[in-house]
Each structure stands twice: as structure tokens, then as C-alpha cells.
file entry10.pdb (PDB, C-alpha atoms)
ATOM      1  CA  MET A   1      68.467-196.027 123.679
ATOM      2  CA  ARG A   2      65.693-198.066 125.265
ATOM      3  CA  ASP A   3      65.081-201.827 125.415
ATOM      4  CA  PRO A   4      68.267-202.921 123.613
ATOM      5  CA  SER A   5      68.197-206.236 121.808
ATOM      6  CA  ALA A   6      70.913-208.805 122.121
ATOM      7  CA  ILE A   7      73.991-207.851 120.127
ATOM      8  CA  ILE A   8      74.451-210.114 117.133
ATOM      9  CA  GLU A   9      77.638-210.570 115.114
ATOM     10  CA  ALA A  10      77.590-210.866 111.323
ATOM     11  CA  ASN A  11      80.532-210.649 108.908
ATOM     12  CA  GLY A  12      82.823-208.864 111.329
ATOM     13  CA  LYS A  13      80.291-206.324 112.593
ATOM     14  CA  TYR A  14      78.034-206.151 115.608
ATOM     15  CA  TYR A  15      74.393-205.105 115.263
ATOM     16  CA  LEU A  16      71.973-203.833 117.895
ATOM     17  CA  TYR A  17      68.280-202.873 117.796
ATOM     18  CA  GLY A  18      66.122-200.820 120.144
ATOM     19  CA  THR A  19      62.702-199.319 120.830
ATOM     20  CA  GLY A  20      61.781-196.289 118.730
ATOM     21  CA  ILE A  21      60.139-195.002 115.563
ATOM     22  CA  GLY A  22      60.440-197.754 112.958
ATOM     23  CA  ILE A  23      62.817-199.743 115.233
ATOM     24  CA  LYS A  24      66.238-198.193 115.749
ATOM     25  CA  GLN A  25      69.426-199.965 114.748
ATOM     26  CA  TRP A  26      73.147-199.431 115.271
ATOM     27  CA  SER A  27      76.336-201.166 114.191
ATOM     28  CA  SER A  28      79.824-201.362 115.652
ATOM     29  CA  THR A  29      83.199-202.953 115.030
ATOM     30  CA  ASP A  30      84.180-203.131 118.716
ATOM     31  CA  MET A  31      80.915-203.077 120.761
ATOM     32  CA  LYS A  32      81.934-199.691 122.174
ATOM     33  CA  THR A  33      81.510-197.112 119.389
ATOM     34  CA  TRP A  34      78.111-197.366 117.719
ATOM     35  CA  VAL A  35      76.913-195.873 114.422
ATOM     36  CA  ALA A  36      73.204-195.369 113.760
ATOM     37  CA  GLY A  37      71.755-197.138 110.740
ATOM     38  CA  PRO A  38      68.464-196.678 108.887
ATOM     39  CA  ASP A  39      65.243-197.422 110.733
ATOM     40  CA  ILE A  40      63.909-200.904 110.024
ATOM     41  CA  PHE A  41      60.472-199.627 108.943
ATOM     42  CA  LYS A  42      60.152-196.254 107.204
ATOM     43  CA  THR A  43      56.410-196.574 107.602
ATOM     44  CA  ALA A  44      54.489-198.674 110.096
ATOM     45  CA  PRO A  45      53.714-202.244 108.965
ATOM     46  CA  SER A  46      50.196-202.174 107.546
ATOM     47  CA  TRP A  47      48.684-204.515 110.117
ATOM     48  CA  THR A  48      49.815-202.381 113.067
ATOM     49  CA  THR A  49      47.627-199.401 112.258
ATOM     50  CA  ALA A  50      44.558-201.648 112.254
ATOM     51  CA  GLN A  51      45.612-203.157 115.583
ATOM     52  CA  ILE A  52      46.435-199.945 117.458
ATOM     53  CA  PRO A  53      44.358-196.756 117.142
ATOM     54  CA  ASP A  54      46.428-193.792 115.910
ATOM     55  CA  PHE A  55      49.609-195.891 115.838
ATOM     56  CA  LYS A  56      52.638-193.707 115.051
ATOM     57  CA  ASN A  57      55.219-196.396 114.188
ATOM     58  CA  ASP A  58      56.697-196.342 117.708
ATOM     59  CA  ILE A  59      57.751-199.991 117.950
ATOM     60  CA  TRP A  60      58.854-201.618 121.212
ATOM     61  CA  GLY A  61      61.265-204.241 122.467
ATOM     62  CA  PRO A  62      62.870-205.702 119.324
ATOM     63  CA  ASP A  63      64.498-209.134 119.564
ATOM     64  CA  ILE A  64      67.016-210.360 116.961
ATOM     65  CA  SER A  65      67.833-214.010 116.191
ATOM     66  CA  TYR A  66      69.438-216.087 113.456
ATOM     67  CA  TYR A  67      67.476-219.262 112.784
ATOM     68  CA  LYS A  68      67.760-221.749 109.932
ATOM     69  CA  GLY A  69      69.464-219.418 107.472
ATOM     70  CA  LYS A  70      67.509-216.224 108.167
ATOM     71  CA  TYR A  71      67.570-213.312 110.563
ATOM     72  CA  TYR A  72      64.360-212.860 112.536
ATOM     73  CA  LEU A  73      63.488-209.529 114.118
ATOM     74  CA  PHE A  74      60.549-209.823 116.519
ATOM     75  CA  TYR A  75      58.884-206.649 117.780
ATOM     76  CA  SER A  76      55.800-205.451 119.640
ATOM     77  CA  VAL A  77      53.179-202.743 119.258
ATOM     78  CA  SER A  78      50.823-201.576 121.976
ATOM     79  CA  GLN A  79      48.306-199.017 123.093
ATOM     80  CA  TYR A  80      50.075-197.725 126.190
ATOM     81  CA  GLY A  81      48.581-198.771 129.511
ATOM     82  CA  THR A  82      46.372-201.486 127.988
ATOM     83  CA  ILE A  83      46.687-205.064 126.792
ATOM     84  CA  ASN A  84      45.719-204.031 123.280
ATOM     85  CA  SER A  85      49.104-205.313 122.150
ATOM     86  CA  ALA A  86      50.530-207.596 119.501
ATOM     87  CA  ILE A  87      53.807-209.146 118.387
ATOM     88  CA  GLY A  88      55.005-209.287 114.797
ATOM     89  CA  TYR A  89      58.240-210.194 113.072
ATOM     90  CA  ALA A  90      60.291-209.479 109.984
ATOM     91  CA  THR A  91      62.941-211.523 108.181
ATOM     92  CA  ASN A  92      66.117-210.728 106.269
ATOM     93  CA  THR A  93      69.046-212.625 104.767
ATOM     94  CA  THR A  94      71.607-210.008 105.814
ATOM     95  CA  LEU A  95      72.011-207.375 108.522
ATOM     96  CA  ASN A  96      74.231-205.077 106.454
ATOM     97  CA  PRO A  97      72.198-202.124 105.084
ATOM     98  CA  SER A  98      74.808-201.671 102.332
ATOM     99  CA  ASP A  99      74.250-205.173 100.966
ATOM    100  CA  SER A 100      72.249-205.242  97.717
ATOM    101  CA  THR A 101      70.033-208.014  99.128
ATOM    102  CA  TYR A 102      69.251-206.140 102.354
ATOM    103  CA  LYS A 103      65.493-205.933 102.886
ATOM    104  CA  TRP A 104      63.374-206.531 105.959
ATOM    105  CA  ALA A 105      60.263-208.420 104.856
ATOM    106  CA  ASP A 106      57.510-208.036 107.416
ATOM    107  CA  GLN A 107      55.704-211.297 108.141
ATOM    108  CA  GLY A 108      52.764-209.699 109.884
ATOM    109  CA  LYS A 109      51.157-210.362 113.240
ATOM    110  CA  LEU A 110      52.317-213.414 115.149
ATOM    111  CA  LEU A 111      50.028-213.145 118.181
ATOM    112  CA  GLU A 112      47.935-210.646 120.109
ATOM    113  CA  SER A 113      46.890-210.287 123.715
ATOM    114  CA  GLY A 114      43.176-210.676 123.121
ATOM    115  CA  GLY A 115      41.214-211.615 126.224
ATOM    116  CA  SER A 116      43.957-213.759 127.706
ATOM    117  CA  GLY A 117      45.184-211.266 130.289
ATOM    118  CA  TYR A 118      48.729-211.711 128.979
ATOM    119  CA  ASN A 119      50.249-208.598 127.449
ATOM    120  CA  ALA A 120      51.776-209.437 124.057
ATOM    121  CA  ILE A 121      54.902-207.274 124.214
ATOM    122  CA  ASP A 122      58.622-207.845 124.836
ATOM    123  CA  PRO A 123      59.098-210.942 122.645
ATOM    124  CA  ASN A 124      62.096-213.232 123.049
ATOM    125  CA  PHE A 125      62.717-216.055 120.589
ATOM    126  CA  ILE A 126      64.654-219.135 121.688
ATOM    127  CA  ALA A 127      65.134-222.687 120.417
ATOM    128  CA  ASP A 128      65.674-225.509 122.905
ATOM    129  CA  ASP A 129      68.375-228.177 122.707
ATOM    130  CA  ASN A 130      66.287-230.102 120.179
ATOM    131  CA  GLY A 131      65.897-227.035 117.947
ATOM    132  CA  THR A 132      62.226-226.601 118.882
ATOM    133  CA  PRO A 133      61.344-222.879 118.686
ATOM    134  CA  TYR A 134      59.572-220.990 121.465
ATOM    135  CA  ILE A 135      58.653-217.395 122.196
ATOM    136  CA  ALA A 136      58.586-215.845 125.663
ATOM    137  CA  PHE A 137      56.745-212.569 126.192
ATOM    138  CA  GLY A 138      54.757-210.498 128.653
ATOM    139  CA  SER A 139      54.585-207.323 130.651
ATOM    140  CA  PHE A 140      52.649-206.591 133.865
ATOM    141  CA  TYR A 141      49.029-207.887 133.903
ATOM    142  CA  ASN A 142      49.258-211.713 134.057
ATOM    143  CA  GLY A 143      53.049-211.810 133.961
ATOM    144  CA  ILE A 144      55.499-213.583 131.655
ATOM    145  CA  THR A 145      54.585-216.622 129.610
ATOM    146  CA  ILE A 146      56.149-218.894 127.000
ATOM    147  CA  SER A 147      54.538-220.560 124.006
ATOM    148  CA  LYS A 148      55.806-223.149 121.545
ATOM    149  CA  PHE A 149      55.579-222.572 117.814
ATOM    150  CA  GLN A 150      53.505-225.017 115.818
ATOM    151  CA  ASN A 151      56.622-225.980 113.823
ATOM    152  CA  ASP A 152      59.812-224.485 112.456
ATOM    153  CA  THR A 153      57.864-222.266 110.056
ATOM    154  CA  LEU A 154      57.340-220.053 113.133
ATOM    155  CA  LYS A 155      53.571-219.944 113.019
ATOM    156  CA  LEU A 156      51.275-219.479 115.992
ATOM    157  CA  ASN A 157      47.557-219.019 116.223
ATOM    158  CA  ALA A 158      46.417-215.395 115.926
ATOM    159  CA  LYS A 159      45.503-215.647 119.591
ATOM    160  CA  ILE A 160      47.995-216.859 122.169
ATOM    161  CA  SER A 161      48.774-220.535 121.698
ATOM    162  CA  PRO A 162      46.857-222.717 124.181
ATOM    163  CA  ASP A 163      50.030-224.533 125.285
ATOM    164  CA  ARG A 164      51.451-221.414 126.935
ATOM    165  CA  GLN A 165      53.163-221.780 130.293
ATOM    166  CA  LEU A 166      53.355-219.148 133.028
ATOM    167  CA  LEU A 167      57.006-218.408 133.804
ATOM    168  CA  ALA A 168      57.040-215.450 136.179
ATOM    169  CA  LYS A 169      54.846-212.952 137.978
ATOM    170  CA  ARG A 170      55.069-210.577 140.916
ATOM    171  CA  SER A 171      52.866-208.591 143.268
ATOM    172  CA  ALA A 172      53.911-205.070 144.189
ATOM    173  CA  VAL A 173      51.799-202.436 145.883
ATOM    174  CA  VAL A 174      51.919-199.018 144.244
ATOM    175  CA  ILE A 175      49.677-196.273 145.654
ATOM    176  CA  ALA A 176      47.438-198.874 147.299
ATOM    177  CA  ALA A 177      47.001-200.858 144.064
ATOM    178  CA  THR A 178      48.542-204.294 143.491
ATOM    179  CA  ILE A 179      50.403-204.609 140.195
ATOM    180  CA  ASN A 180      52.385-207.348 138.500
ATOM    181  CA  ASP A 181      55.518-205.311 137.797
ATOM    182  CA  ILE A 182      57.539-207.735 135.674
ATOM    183  CA  GLU A 183      58.400-207.638 131.969
ATOM    184  CA  ALA A 184      61.135-208.027 129.328
ATOM    185  CA  PRO A 185      61.778-211.790 129.502
ATOM    186  CA  PHE A 186      64.973-213.164 127.994
ATOM    187  CA  ILE A 187      66.075-216.806 128.156
ATOM    188  CA  LEU A 188      69.707-217.961 127.852
ATOM    189  CA  LYS A 189      70.936-221.574 127.974
ATOM    190  CA  HIS A 190      74.109-221.917 130.050
ATOM    191  CA  ASN A 191      75.565-225.326 130.842
ATOM    192  CA  ASN A 192      72.740-227.491 132.183
ATOM    193  CA  TYR A 193      70.199-224.746 132.857
ATOM    194  CA  TYR A 194      67.947-222.300 131.071
ATOM    195  CA  TYR A 195      68.156-218.885 132.722
ATOM    196  CA  LEU A 196      65.189-216.507 132.626
ATOM    197  CA  PHE A 197      66.130-212.845 132.965
ATOM    198  CA  ALA A 198      63.389-210.251 133.492
ATOM    199  CA  SER A 199      62.945-206.615 134.527
ATOM    200  CA  ILE A 200      60.995-205.458 137.570
ATOM    201  CA  GLY A 201      59.981-202.060 138.935
ATOM    202  CA  SER A 202      59.403-198.776 137.123
ATOM    203  CA  CYS A 203      61.123-198.587 133.746
ATOM    204  CA  CYS A 204      60.666-195.042 132.613
ATOM    205  CA  ALA A 205      60.811-192.517 135.446
ATOM    206  CA  GLY A 206      64.193-190.990 134.686
ATOM    207  CA  VAL A 207      66.373-190.583 137.777
ATOM    208  CA  SER A 208      63.458-191.957 139.827
ATOM    209  CA  SER A 209      63.387-195.228 137.882
ATOM    210  CA  THR A 210      63.329-198.337 140.073
ATOM    211  CA  TYR A 211      64.092-200.771 137.239
ATOM    212  CA  GLN A 212      66.109-203.863 138.212
ATOM    213  CA  THR A 213      66.985-207.078 136.421
ATOM    214  CA  ILE A 214      66.355-210.441 138.057
ATOM    215  CA  VAL A 215      67.076-214.036 137.046
ATOM    216  CA  GLY A 216      65.956-217.571 137.815
ATOM    217  CA  ARG A 217      66.855-220.918 136.282
ATOM    218  CA  SER A 218      65.248-224.175 135.231
ATOM    219  CA  ALA A 219      66.372-227.525 133.856
ATOM    220  CA  THR A 220      63.698-227.239 131.155
ATOM    221  CA  ILE A 221      62.843-224.328 128.893
ATOM    222  CA  ASN A 222      59.262-223.919 130.111
ATOM    223  CA  GLY A 223      60.049-223.999 133.822
ATOM    224  CA  VAL A 224      59.772-224.077 136.744
ATOM    225  CA  TYR A 225      62.275-221.165 137.044
ATOM    226  CA  GLN A 226      63.601-220.698 140.582
ATOM    227  CA  ASP A 227      65.968-218.276 142.279
ATOM    228  CA  ARG A 228      68.950-219.164 144.478
ATOM    229  CA  ASN A 229      66.652-219.727 147.455
ATOM    230  CA  GLY A 230      64.386-222.083 145.536
ATOM    231  CA  THR A 231      61.490-219.624 145.205
ATOM    232  CA  ALA A 232      59.713-219.984 141.880
ATOM    233  CA  MET A 233      59.609-216.878 139.706
ATOM    234  CA  ALA A 234      55.936-217.693 139.142
ATOM    235  CA  ASP A 235      55.538-217.143 142.894
ATOM    236  CA  GLY A 236      57.383-213.832 142.925
ATOM    237  CA  GLY A 237      60.971-215.117 143.188
ATOM    238  CA  GLY A 238      64.009-213.832 141.349
ATOM    239  CA  GLU A 239      67.709-213.260 141.977
ATOM    240  CA  VAL A 240      68.815-209.626 141.444
ATOM    241  CA  VAL A 241      71.574-209.473 138.837
ATOM    242  CA  LEU A 242      71.503-205.740 137.966
ATOM    243  CA  ALA A 243      70.397-202.786 140.078
ATOM    244  CA  ALA A 244      70.852-199.027 139.975
ATOM    245  CA  ASP A 245      73.993-197.191 140.962
ATOM    246  CA  SER A 246      72.264-194.206 142.493
ATOM    247  CA  LYS A 247      75.455-192.130 142.344
ATOM    248  CA  GLU A 248      75.564-192.152 138.546
ATOM    249  CA  TRP A 249      73.121-194.563 136.887
ATOM    250  CA  HIS A 250      69.431-194.947 137.693
ATOM    251  CA  GLY A 251      67.440-198.055 136.869
ATOM    252  CA  ALA A 252      68.865-201.100 135.095
ATOM    253  CA  GLY A 253      66.547-203.127 132.876
ATOM    254  CA  GLY A 254      64.979-203.787 129.495
ATOM    255  CA  GLU A 255      67.710-206.392 129.184
ATOM    256  CA  SER A 256      68.863-208.914 126.595
ATOM    257  CA  VAL A 257      71.521-211.591 127.113
ATOM    258  CA  PHE A 258      73.815-213.125 124.509
ATOM    259  CA  THR A 259      77.081-214.956 123.865
ATOM    260  CA  ILE A 260      79.813-213.789 121.480
ATOM    261  CA  LYS A 261      83.034-215.763 121.017
ATOM    262  CA  GLY A 262      82.364-217.753 124.155
ATOM    263  CA  VAL A 263      81.779-214.700 126.372
ATOM    264  CA  ASP A 264      78.377-213.900 127.880
ATOM    265  CA  TYR A 265      77.066-210.331 127.979
ATOM    266  CA  ILE A 266      73.938-208.464 129.019
ATOM    267  CA  THR A 267      72.651-205.297 127.341
ATOM    268  CA  TYR A 268      70.217-202.992 129.135
ATOM    269  CA  PHE A 269      69.446-199.316 129.613
ATOM    270  CA  SER A 270      69.845-196.940 132.527
ATOM    271  CA  PHE A 271      69.181-193.247 133.022
ATOM    272  CA  ASP A 272      72.058-190.849 133.550
ATOM    273  CA  ASP A 273      71.780-187.867 135.891
ATOM    274  CA  SER A 274      69.994-185.856 133.196
ATOM    275  CA  SER A 275      67.299-188.585 132.885
ATOM    276  CA  THR A 276      68.588-189.565 129.422
ATOM    277  CA  GLU A 277      68.338-193.251 128.505
ATOM    278  CA  ARG A 278      71.756-194.781 127.856
ATOM    279  CA  LEU A 279      72.855-198.125 126.477
ATOM    280  CA  ARG A 280      74.834-200.224 128.954
ATOM    281  CA  ILE A 281      76.717-203.457 128.271
ATOM    282  CA  SER A 282      78.030-205.734 131.023
ATOM    283  CA  GLN A 283      80.027-208.912 130.753
ATOM    284  CA  LEU A 284      78.601-211.744 132.814
ATOM    285  CA  TYR A 285      80.578-214.204 134.870
ATOM    286  CA  TRP A 286      79.184-217.287 136.561
ATOM    287  CA  ASP A 287      79.940-218.167 140.166
ATOM    288  CA  GLY A 288      80.675-221.661 141.445
ATOM    289  CA  ASN A 289      76.979-222.309 141.974
ATOM    290  CA  GLY A 290      76.089-221.322 138.422
ATOM    291  CA  TRP A 291      74.600-217.856 139.046
ATOM    292  CA  PRO A 292      75.402-214.879 136.779
ATOM    293  CA  HIS A 293      76.961-211.604 137.962
ATOM    294  CA  ALA A 294      77.779-208.411 136.068
ATOM    295  CA  LEU A 295      81.568-208.082 135.818
ATOM    296  CA  PHE A 296      82.211-204.689 134.231
ATOM    297  CA  PHE A 297      80.524-202.067 132.119
ATOM    298  CA  TYR A 298      80.932-200.484 128.696
TER     299      TYR A 298
END
call {"tool": "encode", "arguments": {"input": "entry10.pdb", "output": "C-alpha cells"}}
result
Amino acid sequence: MRDPSAIIEANGKYYLYGTGIGIKQWSSTDMKTWVAGPDIFKTAPSWTTAQIPDFKNDIWGPDISYYKGKYYLFYSVSQYGTINSAIGYATNTTLNPSDSTYKWADQGKLLESGGSGYNAIDPNFIADDNGTPYIAFGSFYNGITISKFQNDTLKLNAKISPDRQLLAKRSAVVIAATINDIEAPFILKHNNYYYLFASIGSCCAGVSSTYQTIVGRSATINGVYQDRNGTAMADGGGEVVLAADSKEWHGAGGESVFTIKGVDYITYFSFDDSSTERLRISQLYWDGNGWPHALFFY
């Protein structure tokens, strides 16, 4: 399991999606025992093979939402190590593969990186308190950004919308090169604040992974997001909410955050001692100053 989506509840079951060939999906009745379901796409969406040379249907960072009567599954495709990346989405009226109406209808490309310097991967859909839809995205390069949809039909320009706002970036030195090692944005509204979660460090180095999850908050959806000390995430700030347990689990990122029955949770992945990626689920609690902490693990 890599890059788990938020867990979403539908008709007494919980559903979860992750990076992999055709987008991987699982279901559960208790959020502890998970059963694999069919891949979302048996073959790569037609537009992806034109976007990415030699694309093999390995789809990254899915994000699931229910919005105005439909389920929306956002996803990203990329040529590794470049900003030749794009975000697409598919819709469905049910999440149950056994339902006769079950069918993911791909809606094509939403946006691409182009010459913007922003890397169009790791999408996260969110609507603000007025119901206005936004999408946050980004990985390395120019950091994490947010863009507003033109309207509730969820249409953006083929290129990144010009009203985008920078949310977060970092500067880390790796082998004498400066990189912007931040990705996987996810925004959750809690009480009077929007909270931006993101992953920093090295995601995919097995037991050597340095992945961590950080958070900042803002009174408005498009920032400024600040950590506990008042440092803006756009200036390299961020409060650590998940880090590795080097005795057993290595790395902690690729996160999504969600609320079920009034309880807040965070999904993410870590490597076990054999360098195998494992799904992790933590309940979040909020301290007296309104900052989230991981309470326990599944």
C-alpha cells in the first residue's frame, strides 16, 4: 500500500484507494481487515498514454470525495523525476463493485504541469464553507499550490488555473543540491481553521525513508498556512504530526485525513523492517490550542 486515500464510508462499508496499476482499492467493515477489490482502470485512460511516454497504467495518489450526488476519484500520472505530470478524475454513483450501476467513468485530464514549475500530482479536492470547490496539488519543484474550479461542474483550464495560490514549500540540501522536498497536500476543516497536511523528506527508500507528515493552519482555505510558531508553510514552516518509529516503522507520509462519525483519522504508509510498504491508520486528537496529534495506530 502506498499513498492511501482518505477512507470513505458508503452503505455500511469503508472504501480505500491507493497508488498502483489501475488504482488499487480495498473495502472493509471495521477499518481493520481489508479486502482487495477490482482495479479502477483495467486499461490506462486513453489520454494518459498521450501525456506520458510508455505509460504503464501505474497511477499515483488517488483522492476520493463525494460531491453533489457523485463520487469523484482524482488521480495523477507522471513521468518519474520530471514535471511531465497531469491530474485526471473519474466519477461514479456507487462505490460497491457488486452494484449493477457500478462504473467509473473517466472524465479525462483536469490539468497538467506545463511550464508552470508546479508538479501536477497528489491531488486533493475540497469544498470551502460556501461549497466552492478547490483542488490542492504539488510535489517538489515549486511546492504545493491550490486552485479554484471555474464552477461546480469541476472544470479547470487545461493548464493550471491562473488564480492558483502557493501554500507550502521547503528548501532541503541533498548531496549539495537544494530541493523542495514537500508533497501530498491534504486539507481538512476543523472548527475555525483549515489544516494543511503535507509530507516531507524521502518517500520511497525503504527502511532508510525519511518521510514525515507536517501540518499548518489558516483561517481561509487558500492561506496563509502557519505552524504553531507562526512560520508560514510557504516559508518552510510546518508542525510535525507523524514521524518514523525507527524501532519498527520507517517513514510516515503520503497521508490523507478524514472524519467518520465525528472522529478524525489520518491514513498514511510506512515501511516495515523488510522495506515493505504498509497501510497505517491513526486517530487524531486535538490539543487545547487546536493542533492535531496521532493518538493510536491500526
call {"tool": "resolve_selection", "arguments": {"input": "entry10.pdb", "expression": "the PyMOL selection byres ((chain A and resi 117-121) around 7)", "output": "list in words"}}
result
Ser76, Val77, Ile83, Ser85, Ala86, Ile87, Glu112, Ser113, Gly115, Ser116, Asp122, Pro123, Phe137, Gly138, Ser139, Tyr141, Asn142 and Gly143 of chain A
call {"tool": "closest_residue", "arguments": {"input": "entry10.pdb", "among": "A:Gln25, A:Ser147, A:Asn11, A:Thr94", "to": "Ala127 in chain A", "atoms": "only C-alpha atoms"}}
result
A:Ser147
call {"tool": "residues_around", "arguments": {"input": "entry10.pdb", "residues": "Lys247 in chain A", "least_positions_apart": "3", "cutoff": "10 Å", "atoms": "only C-alpha atoms", "output": "ChimeraX atom specification"}}
result
/A:244,250,272-273
call {"tool": "residues_around", "arguments": {"input": "entry10.pdb", "residues": "Ala136 in chain A", "least_positions_apart": "6", "cutoff": "8 Å", "atoms": "all atoms listed in the file", "output": "VMD selection string"}}
result
chain A and resid 123 to 126 144 to 147 185 to 187
call {"tool": "resolve_selection", "arguments": {"input": "entry10.pdb", "expression": "the PyMOL selection byres ((chain A and resi 64-75) around 7)", "output": "PDB file with C-alpha atoms, in the frame of the given file"}}
result
ATOM      1  CA  SER A   5      68.197-206.236 121.808  1.00  0.00           C
ATOM      2  CA  ALA A   6      70.913-208.805 122.121  1.00  0.00           C
ATOM      3  CA  ILE A  59      57.751-199.991 117.950  1.00  0.00           C
ATOM      4  CA  TRP A  60      58.854-201.618 121.212  1.00  0.00           C
ATOM      5  CA  GLY A  61      61.265-204.241 122.467  1.00  0.00           C
ATOM      6  CA  PRO A  62      62.870-205.702 119.324  1.00  0.00           C
ATOM      7  CA  ASP A  63      64.498-209.134 119.564  1.00  0.00           C
ATOM      8  CA  SER A  76      55.800-205.451 119.640  1.00  0.00           C
ATOM      9  CA  ILE A  87      53.807-209.146 118.387  1.00  0.00           C
ATOM     10  CA  GLY A  88      55.005-209.287 114.797  1.00  0.00           C
ATOM     11  CA  TYR A  89      58.240-210.194 113.072  1.00  0.00           C
ATOM     12  CA  ALA A  90      60.291-209.479 109.984  1.00  0.00           C
ATOM     13  CA  THR A  91      62.941-211.523 108.181  1.00  0.00           C
ATOM     14  CA  ASN A  92      66.117-210.728 106.269  1.00  0.00           C
ATOM     15  CA  THR A  93      69.046-212.625 104.767  1.00  0.00           C
ATOM     16  CA  PRO A 123      59.098-210.942 122.645  1.00  0.00           C
TER      17      PRO A 123
END
call {"tool": "atom_distance", "arguments": {"input": "entry10.pdb", "atom1": "CA of Asp264 in chain A", "atom2": "CA of His190 in chain A"}}
result
9.3 Å
call {"tool": "atom_distance", "arguments": {"input": "entry10.pdb", "atom1": "CA of Lys189 in chain A", "atom2": "CA of Arg170 in chain A"}}
result
23.2 Å
call {"tool": "atom_distance", "arguments": {"input": "entry10.pdb", "atom1": "CA of Asn130 in chain A", "atom2": "CA of Gly262 in chain A"}}
result
20.7 Å
call {"tool": "closest_residue", "arguments": {"input": "entry10.pdb", "among": "A:Met1, A:Leu154, A:Ile52, A:Ala219", "to": "Phe269 in chain A", "atoms": "all atoms listed in the file"}}
result
A:Met1
